[in-house]
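Presented below is the structure to which this report refers.
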Amino acid sequence: MRSRLALPVALIAAVSVAATACQSSSGKSTGSKAAPKAASAAADYNPQPYDNIKDGGTYTTAGTFDDQGNPFNVNATLTASRVWAWYNADAITYSPTGEVQYNPDYYSDVKVTVEGGHQKVVLTINPKAVFNDGTPIDWTAIEATWKANNGSDKAFAAATTVGYDQITSVERGADAKQAVITFKGVDASWSSLFTTFLHPKAATVDNFNQAYVKKAHPEWGAGPYTVGTWDTHSGNITFVRNPKWWGRKGKLDQRVYVNLESAAAVNAFKNGQLDYTSAVDAESLKQIKGLKGTEIRSGGSPFEYSLNFNTKSPVLSDKAVRKAIQESVDRAQIAKIQFQGLDYQEPLPGSAVLHSFQKGYEDNVSAVLKYAPDDAKNTLDAAGWKPGQDGIRVKDGKKLDVGYTLLGDDALGKATAGALAAMLKQIGVHLVITKADDADFSKVLSERRFDLFLSGNRSMDPFAARYLCDFYCSDRDANITGSGTPALNKEILATTEIADLAEQNAAVNKAEQKALQEYAFLPLYSGPSTYGVKKGLANVGATIFYSPLPETVGWQK
């Protein structure tokens, strides 16, 4: 659905939750304690300054490369963003709470001005900055990244064009090491456009779309680490120090990804083979808790899992059917399944782009929808779907069968699918569950092989307006539901041109409430970010919006 590191939101499959996080929307609370008013905003990652980290060592986790390794591409996921960050530029990052942080190893100076109502950003690039193939990192990398993502050439399968399409020019400044970026109007979230950038050679249509498919291109990368091994057979990856790096050297000798499924990763962590693992459910948390030499790190997270409705599917092209299904989904019950055994509660999420711990957040879902199975039955009655002899509704001789695509064998995924089937059965909808392999994730989304599909997104930065279009604009590939209207697109895009963030978020909430009335997208739950970590591992854990620079990850002195 969407992916990014330099981009807004990173797409992930809907596995379980404790390792990630999300939000949820309407429905009655079924817990014994009152749910908190906001999700956790706590960070827990053993923050350590660079000088307090040992020189040397290896950091090993479960992971592998993605089918599409270019994080700017619409088919990339969170995996692509995370792997990319270990051998490409990390030029702009954010603090846990979302404050912008410029990396002087790439951008030695940043100036933002507004003249005549139009914003100008001048990026002065570090004189030493160079791609691994010897090409200087200069204004042409910024220009190439803009051109590949601004939507002017539809052949580029860009994850999002929002923000890039507001730029009217990228020009050479005082010299080649300075990029002058001019916007039409003002873009409050401009920093999210150039957190990383493309080598100009990677910014051709063919290379943008195909060069990183199950491949790495370290020669087009830059940074403290580069690719050591990229094993397409095993899926394992090793990053090593980059001899061509001009900045602070990486503290680690090696950063290793071992291709393991979640259950195998937990066992590998228990056996001491991994330094870090996600606690994906209560059972895995129980297994890794209290292990000698390890600790649990848990905090808030800008994740969200949502139910996507394919409006191009014949059965879900009827808005009344979509609305009835949403009215019948007890999101609080789904969240209870996900959080069972975790001693965790959160409010049901009310937005795709703002989290309840952020300023400006509003519960937009509750403003347009409530959990009301009786209303759902009335909605279907009015739409001409009448109960059949077996309780399943029928219209024009066709039963109301709705597909649900379930990836993998995750126990929580199966339990969630079963709960949804039971909820829909009560209103006369038959949920037909179809199983697919985890590896089919990208295909399921890009080819819309679903009626209903549960997937997650991770916000990579705090800017809500930038990502609203990816969820709700009818002309965006990232909007896998296919919903929306030209009028709504226009209103959504107008939010990106508001300079004041408070005003911008207010406009985002107003537009999202309209978008949610398409009944094609339903936030379900978030959750804590919970990890098992070997003691002494620094700058790793629940970081919210923070992405620690690779050279700062390592073992505490």
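Following the order of the structure tokens, first chain is A, next is B, and so on, with residues numbered from 1 inside each chain and ligands from 1 in the order they appear.
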Near A:Ala383, within 10 Å and counting only C-alpha atoms, which residues show up once chain neighbours fewer than 2 positions away are dropped, as a count of residues only?
13
If you run DSSP on this backbone, which residues of stretch 255-300 of chain A come out as strand (DSSP E or B), and could you give them as JSON, numbers by chain?
{"A": [255, 256, 257, 258, 276, 277, 278, 294, 295, 296, 297, 298, 299]}
Please report as CSV every residue of stretch 457-556 of chain A lying within 12 Å of stretch 221-230 of chain A, along with the nearest atom pair and their distance in Å (one decimal), using only C-alpha atoms.
residue,atom,partner,partner_atom,distance
A:Leu549,CA,A:Pro224,CA,9.3
A:Pro550,CA,A:Pro224,CA,7.2
A:Glu551,CA,A:Pro224,CA,6.2
A:Thr552,CA,A:Pro224,CA,10.0
A:Val553,CA,A:Pro224,CA,11.2
Which stretch 230-337 of chain A residues have any atom within 7 Å of an atom of stretch 518-526 of chain A, and for each, what is the nearest pair of atoms with distance in Å to one decimal, counting only C-alpha atoms, rows sorted by chain and number, as a Markdown table?
| residue | atom | partner | partner_atom | distance |
| --- | --- | --- | --- | --- |
| A:Phe303 | CA | A:Ser526 | CA | 5.8 |
| A:Glu304 | CA | A:Ser526 | CA | 4.7 |
| A:Tyr305 | CA | A:Tyr525 | CA | 5.6 |
| A:Ser306 | CA | A:Pro523 | CA | 4.1 |
| A:Leu307 | CA | A:Leu522 | CA | 5.1 |
| A:Asn308 | CA | A:Phe521 | CA | 4.9 |
| A:Phe309 | CA | A:Ala520 | CA | 4.7 |
| A:Thr311 | CA | A:Ala520 | CA | 6.9 |
| A:Lys319 | CA | A:Tyr519 | CA | 6.7 |
| A:Arg322 | CA | A:Tyr519 | CA | 5.6 |
| A:Lys323 | CA | A:Tyr519 | CA | 5.3 |
| A:Arg331 | CA | A:Leu524 | CA | 5.6 |
| A:Ala335 | CA | A:Tyr525 | CA | 5.7 |
Output file for the selection above: N, CA and C atoms, as a short mmCIF file (atom, residue, chain, number, x, y, z; two decimals), in the first residue's frame:
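To be explicit, this is the file written out as result-v8.cif:
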data_model
loop_
_atom_site.label_atom_id
_atom_site.label_comp_id
_atom_site.auth_asym_id
_atom_site.auth_seq_id
_atom_site.Cartn_x
_atom_site.Cartn_y
_atom_site.Cartn_z
N PHE A 303 2.60 3.32 14.71
CA PHE A 303 2.04 2.30 13.83
C PHE A 303 0.52 2.37 13.89
N GLU A 304 -0.10 1.82 12.85
CA GLU A 304 -1.54 1.68 12.85
C GLU A 304 -1.92 0.54 11.92
N TYR A 305 -2.84 -0.30 12.38
CA TYR A 305 -3.37 -1.36 11.52
C TYR A 305 -4.81 -1.03 11.17
N SER A 306 -5.14 -1.21 9.90
CA SER A 306 -6.45 -0.79 9.40
C SER A 306 -7.02 -1.83 8.46
N LEU A 307 -8.34 -1.82 8.35
CA LEU A 307 -9.07 -2.69 7.43
C LEU A 307 -9.32 -1.90 6.15
N ASN A 308 -8.82 -2.42 5.03
CA ASN A 308 -8.95 -1.77 3.74
C ASN A 308 -10.05 -2.44 2.92
N PHE A 309 -10.90 -1.64 2.31
CA PHE A 309 -12.01 -2.12 1.49
C PHE A 309 -11.70 -1.83 0.02
N THR A 311 -12.76 -0.88 -3.19
CA THR A 311 -13.97 -0.33 -3.79
C THR A 311 -14.12 -0.71 -5.27
N LYS A 319 -21.37 1.60 -1.63
CA LYS A 319 -20.99 2.26 -0.38
C LYS A 319 -21.83 1.77 0.80
N ARG A 322 -20.30 -1.28 2.27
CA ARG A 322 -19.09 -0.94 3.02
C ARG A 322 -19.45 -0.33 4.38
N LYS A 323 -20.41 0.58 4.37
CA LYS A 323 -20.82 1.22 5.62
C LYS A 323 -21.37 0.19 6.61
N ARG A 331 -14.42 -2.88 16.88
CA ARG A 331 -12.97 -2.66 16.90
C ARG A 331 -12.37 -2.90 18.27
N ALA A 335 -9.12 -5.21 19.08
CA ALA A 335 -7.98 -4.75 19.87
C ALA A 335 -7.75 -5.66 21.07
#
Counting only C-alpha atoms, which residue out of A:Pro314, A:Pro349, A:Pro243, A:Gly56 sits closest to A:Lys398?
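When distances to A:Lys398 are compared using only C-alpha atoms, the smallest one comes from A:Pro314.
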If we count only C-alpha atoms and set the cut-off at 6 Å, which residues sit around A:Gly428, ignoring sequence neighbours fewer than 2 positions away in its own chain? Please answer as JSON, numbers by chain.
{"A": [391, 392, 393, 425, 426]}
Convert the current residue selection to file output with N, CA, C and O atoms, as a compact mmCIF listing (two decimals), in the first residue's frame.
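Saved to part.txt:
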# COMPACT_ATOMS: atom_id res chain seq x y z
N GLY A 391 -29.56 -17.29 6.48
CA GLY A 391 -29.14 -16.10 7.20
C GLY A 391 -28.23 -15.18 6.40
O GLY A 391 -28.02 -14.03 6.78
N ILE A 392 -27.67 -15.69 5.30
CA ILE A 392 -26.81 -14.86 4.46
C ILE A 392 -27.68 -14.05 3.51
O ILE A 392 -28.60 -14.58 2.88
N ARG A 393 -27.39 -12.79 3.41
CA ARG A 393 -28.23 -11.90 2.60
C ARG A 393 -28.07 -12.17 1.11
O ARG A 393 -26.99 -12.59 0.65
N LYS A 425 -21.21 -12.18 10.18
CA LYS A 425 -22.28 -13.18 10.08
C LYS A 425 -23.55 -12.68 10.77
O LYS A 425 -24.67 -12.95 10.31
N GLN A 426 -23.37 -11.91 11.85
CA GLN A 426 -24.52 -11.41 12.60
C GLN A 426 -25.40 -10.46 11.78
O GLN A 426 -26.58 -10.31 12.06
Show which residues sit within 7 Å of stretch 172-187 of chain A, as a VMD selection string. Count only C-alpha atoms, and ignore same-chain residues fewer than 2 positions away.
chain A and resid 117 to 125 127 138 to 139 142 163 166 to 170 189 to 190 496 to 499
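Distance check against A:Gly484 using only C-alpha atoms: of A:Gln517, A:Ser547, A:Thr161, A:Gln340, the minimum falls on A:Gln517.
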Coordinates-based distance that separates atom CA of A:Asn539 from atom CA of A:Gln48 (Å, one decimal)
6.3 Å
Tell me which protein, DNA and RNA residues are within 12 Å of A:Ala268, counting only C-alpha atoms, leaving out same-chain ones fewer than 4 positions away, and put them as a compact mmCIF listing (two decimals) with N, CA and C atoms, in the first residue's frame.
# COMPACT_ATOMS: atom_id res chain seq x y z
N THR A 60 23.06 -8.21 15.42
CA THR A 60 22.34 -9.18 14.59
C THR A 60 20.87 -9.22 14.95
N THR A 61 20.02 -9.11 13.93
CA THR A 61 18.58 -9.21 14.12
C THR A 61 17.99 -10.07 13.02
N ALA A 62 16.70 -10.42 13.18
CA ALA A 62 15.97 -11.06 12.09
C ALA A 62 15.61 -10.00 11.06
N VAL A 258 19.40 -11.68 9.56
CA VAL A 258 19.23 -13.10 9.28
C VAL A 258 17.76 -13.33 8.94
N ASN A 259 17.51 -13.99 7.83
CA ASN A 259 16.14 -14.16 7.33
C ASN A 259 15.40 -15.22 8.13
N LEU A 260 14.60 -14.77 9.10
CA LEU A 260 13.85 -15.67 9.97
C LEU A 260 12.41 -15.19 10.12
N GLU A 261 11.47 -16.12 10.19
CA GLU A 261 10.09 -15.77 10.52
C GLU A 261 10.03 -15.41 12.00
N SER A 262 8.90 -14.81 12.43
CA SER A 262 8.82 -14.27 13.80
C SER A 262 9.01 -15.33 14.87
N ALA A 263 8.41 -16.51 14.70
CA ALA A 263 8.55 -17.56 15.71
C ALA A 263 9.99 -18.03 15.80
N ALA A 264 10.64 -18.20 14.65
CA ALA A 264 12.03 -18.63 14.64
C ALA A 264 12.93 -17.55 15.24
N GLY A 272 20.45 -16.86 22.09
CA GLY A 272 21.56 -15.93 22.05
C GLY A 272 22.08 -15.62 20.66
N GLN A 273 21.38 -16.09 19.62
CA GLN A 273 21.85 -15.87 18.25
C GLN A 273 21.49 -14.48 17.72
N LEU A 274 20.44 -13.87 18.28
CA LEU A 274 20.04 -12.53 17.90
C LEU A 274 20.23 -11.59 19.07
N ASP A 275 20.47 -10.33 18.77
CA ASP A 275 20.65 -9.31 19.81
C ASP A 275 19.37 -8.56 20.12
N TYR A 276 18.35 -8.79 19.28
CA TYR A 276 17.12 -7.99 19.38
C TYR A 276 16.03 -8.75 18.66
N THR A 277 14.81 -8.73 19.21
CA THR A 277 13.69 -9.32 18.51
C THR A 277 12.40 -8.63 18.92
N SER A 278 11.42 -8.69 18.06
CA SER A 278 10.11 -8.14 18.35
C SER A 278 9.31 -9.13 19.19
N SER A 284 5.05 -14.69 22.76
CA SER A 284 6.46 -14.42 22.49
C SER A 284 7.06 -13.52 23.56
N GLN A 287 7.99 -15.65 26.40
CA GLN A 287 9.18 -16.46 26.15
C GLN A 287 10.48 -15.68 26.31
N ILE A 288 10.46 -14.39 25.96
CA ILE A 288 11.71 -13.63 25.99
C ILE A 288 11.89 -12.82 27.26
N GLY A 532 12.60 -7.47 22.81
CA GLY A 532 13.62 -8.08 23.65
C GLY A 532 14.98 -7.65 23.14
Alpha helix (DSSP H) per DSSP on the backbone: members of stretch 397-458 of chain A, as number ranges by chain
A: 411-425, 441-446
Give me a file of those residues, with N, CA, C and O atoms, as a short mmCIF file (atom, residue, chain, number, x, y, z; two decimals), in the first residue's frame.
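Output contents, as saved in out_9.cif:
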data_model
loop_
_atom_site.label_atom_id
_atom_site.label_comp_id
_atom_site.auth_asym_id
_atom_site.auth_seq_id
_atom_site.Cartn_x
_atom_site.Cartn_y
_atom_site.Cartn_z
N ALA A 411 -0.99 -16.67 14.40
CA ALA A 411 -2.15 -17.05 15.21
C ALA A 411 -3.08 -15.87 15.46
O ALA A 411 -4.31 -16.01 15.40
N LEU A 412 -2.52 -14.69 15.71
CA LEU A 412 -3.37 -13.53 15.94
C LEU A 412 -4.10 -13.11 14.67
O LEU A 412 -5.23 -12.65 14.72
N GLY A 413 -3.43 -13.27 13.54
CA GLY A 413 -4.08 -12.96 12.27
C GLY A 413 -5.28 -13.87 12.03
O GLY A 413 -6.35 -13.41 11.60
N LYS A 414 -5.12 -15.15 12.35
CA LYS A 414 -6.23 -16.09 12.20
C LYS A 414 -7.36 -15.76 13.17
O LYS A 414 -8.55 -15.81 12.82
N ALA A 415 -7.00 -15.42 14.40
CA ALA A 415 -8.02 -15.09 15.41
C ALA A 415 -8.80 -13.84 15.01
O ALA A 415 -10.02 -13.78 15.18
N THR A 416 -8.09 -12.86 14.44
CA THR A 416 -8.74 -11.64 14.00
C THR A 416 -9.70 -11.93 12.85
O THR A 416 -10.83 -11.43 12.81
N ALA A 417 -9.25 -12.74 11.89
CA ALA A 417 -10.11 -13.10 10.76
C ALA A 417 -11.36 -13.83 11.24
O ALA A 417 -12.48 -13.57 10.77
N GLY A 418 -11.18 -14.74 12.21
CA GLY A 418 -12.33 -15.46 12.75
C GLY A 418 -13.31 -14.55 13.45
O GLY A 418 -14.54 -14.70 13.31
N ALA A 419 -12.78 -13.58 14.19
CA ALA A 419 -13.65 -12.63 14.89
C ALA A 419 -14.43 -11.77 13.90
O ALA A 419 -15.62 -11.52 14.08
N LEU A 420 -13.76 -11.32 12.84
CA LEU A 420 -14.44 -10.53 11.82
C LEU A 420 -15.55 -11.33 11.14
O LEU A 420 -16.64 -10.82 10.89
N ALA A 421 -15.26 -12.60 10.87
CA ALA A 421 -16.27 -13.46 10.24
C ALA A 421 -17.50 -13.58 11.12
O ALA A 421 -18.65 -13.53 10.63
N ALA A 422 -17.30 -13.73 12.43
CA ALA A 422 -18.43 -13.85 13.36
C ALA A 422 -19.22 -12.55 13.44
O ALA A 422 -20.45 -12.56 13.50
N MET A 423 -18.52 -11.42 13.42
CA MET A 423 -19.20 -10.12 13.47
C MET A 423 -20.05 -9.90 12.23
O MET A 423 -21.20 -9.46 12.31
N LEU A 424 -19.49 -10.23 11.07
CA LEU A 424 -20.21 -10.01 9.81
C LEU A 424 -21.37 -11.00 9.64
O LEU A 424 -22.40 -10.65 9.05
N LYS A 425 -21.21 -12.18 10.18
CA LYS A 425 -22.28 -13.18 10.08
C LYS A 425 -23.55 -12.68 10.77
O LYS A 425 -24.67 -12.95 10.31
N PHE A 441 2.61 -10.36 -0.19
CA PHE A 441 2.10 -9.10 0.33
C PHE A 441 2.03 -8.00 -0.73
O PHE A 441 0.99 -7.38 -0.96
N SER A 442 3.15 -7.76 -1.40
CA SER A 442 3.18 -6.68 -2.39
C SER A 442 2.21 -6.93 -3.54
O SER A 442 1.54 -6.01 -4.01
N LYS A 443 2.13 -8.18 -3.98
CA LYS A 443 1.23 -8.51 -5.09
C LYS A 443 -0.24 -8.35 -4.70
O LYS A 443 -1.06 -7.87 -5.48
N VAL A 444 -0.57 -8.77 -3.48
CA VAL A 444 -1.95 -8.62 -3.01
C VAL A 444 -2.37 -7.15 -3.08
O VAL A 444 -3.48 -6.83 -3.51
N LEU A 445 -1.45 -6.28 -2.70
CA LEU A 445 -1.77 -4.86 -2.69
C LEU A 445 -1.75 -4.25 -4.09
O LEU A 445 -2.71 -3.62 -4.51
N SER A 446 -0.65 -4.43 -4.80
CA SER A 446 -0.50 -3.76 -6.09
C SER A 446 -1.51 -4.25 -7.11
O SER A 446 -1.95 -3.49 -7.98
#
Would you list the contacts of A:Trp146 as an mmCIF file with N, CA and C atoms, in the first residue's frame, taking every protein, DNA or RNA residue within 9 Å and counting only C-alpha atoms, but skipping same-chain residues closer than 2 positions in sequence?
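Writing done, so here's around.cif:
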data_model
loop_
_atom_site.group_PDB
_atom_site.id
_atom_site.type_symbol
_atom_site.label_atom_id
_atom_site.label_comp_id
_atom_site.auth_asym_id
_atom_site.auth_seq_id
_atom_site.Cartn_x
_atom_site.Cartn_y
_atom_site.Cartn_z
ATOM 1 N N ALA A 141 21.572 15.421 -7.190
ATOM 2 C CA ALA A 141 20.898 14.328 -6.470
ATOM 3 C C ALA A 141 19.548 14.794 -5.946
ATOM 4 N N ILE A 142 19.501 16.039 -5.472
ATOM 5 C CA ILE A 142 18.238 16.617 -5.001
ATOM 6 C C ILE A 142 17.281 16.789 -6.182
ATOM 7 N N GLU A 143 17.810 17.279 -7.296
ATOM 8 C CA GLU A 143 16.993 17.453 -8.498
ATOM 9 C C GLU A 143 16.456 16.116 -8.999
ATOM 10 N N ALA A 144 17.308 15.095 -9.028
ATOM 11 C CA ALA A 144 16.897 13.783 -9.522
ATOM 12 C C ALA A 144 15.807 13.178 -8.645
ATOM 13 N N ALA A 148 11.943 12.380 -10.040
ATOM 14 C CA ALA A 148 11.420 11.013 -10.017
ATOM 15 C C ALA A 148 10.131 10.896 -9.221
ATOM 16 N N ASN A 149 9.914 11.838 -8.310
ATOM 17 C CA ASN A 149 8.783 11.720 -7.378
ATOM 18 C C ASN A 149 7.708 12.789 -7.531
ATOM 19 N N ASN A 150 7.857 13.714 -8.485
ATOM 20 C CA ASN A 150 6.903 14.821 -8.528
ATOM 21 C C ASN A 150 5.660 14.544 -9.359
ATOM 22 N N TYR A 164 6.532 16.901 -3.336
ATOM 23 C CA TYR A 164 7.395 17.038 -4.521
ATOM 24 C C TYR A 164 6.657 17.802 -5.622
ATOM 25 N N ASP A 165 5.344 17.558 -5.724
ATOM 26 C CA ASP A 165 4.584 18.240 -6.778
ATOM 27 C C ASP A 165 4.335 19.718 -6.464
ATOM 28 N N ILE A 167 6.912 21.604 -5.591
ATOM 29 C CA ILE A 167 8.194 22.239 -5.926
ATOM 30 C C ILE A 167 8.158 22.696 -7.381
ATOM 31 N N SER A 169 10.933 24.327 -8.821
ATOM 32 C CA SER A 169 12.275 24.177 -9.407
ATOM 33 C C SER A 169 13.275 23.714 -8.361
ATOM 34 N N VAL A 170 14.288 22.992 -8.830
ATOM 35 C CA VAL A 170 15.477 22.681 -8.039
ATOM 36 C C VAL A 170 16.657 23.125 -8.903
ATOM 37 N N LEU A 193 10.714 15.369 2.493
ATOM 38 C CA LEU A 193 10.948 15.071 1.081
ATOM 39 C C LEU A 193 12.388 14.640 0.808
ATOM 40 N N PHE A 194 13.322 15.114 1.635
ATOM 41 C CA PHE A 194 14.731 14.877 1.356
ATOM 42 C C PHE A 194 15.468 14.328 2.578
ATOM 43 N N PHE A 197 18.076 10.565 -0.431
ATOM 44 C CA PHE A 197 17.972 10.986 -1.828
ATOM 45 C C PHE A 197 18.524 9.893 -2.729
#
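Closest approach to A:Ala464 among A:Glu327, A:Glu512, A:Glu346, A:Asp281: A:Glu512, based on only C-alpha atoms.
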Can you tell me, as a list in words, what residues are no more than 6 Å from A:Ala159 when counting only C-alpha atoms, ignoring any on the same chain fewer than 3 positions away?
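What passes the distance filter is Phe72, Asn73 and Val74 of chain A.
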Straight-line distance linking atom CA of A:Lys535 with atom CA of A:Lys557, stated in Å to one decimal
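These atoms are spaced 11.4 Å apart.
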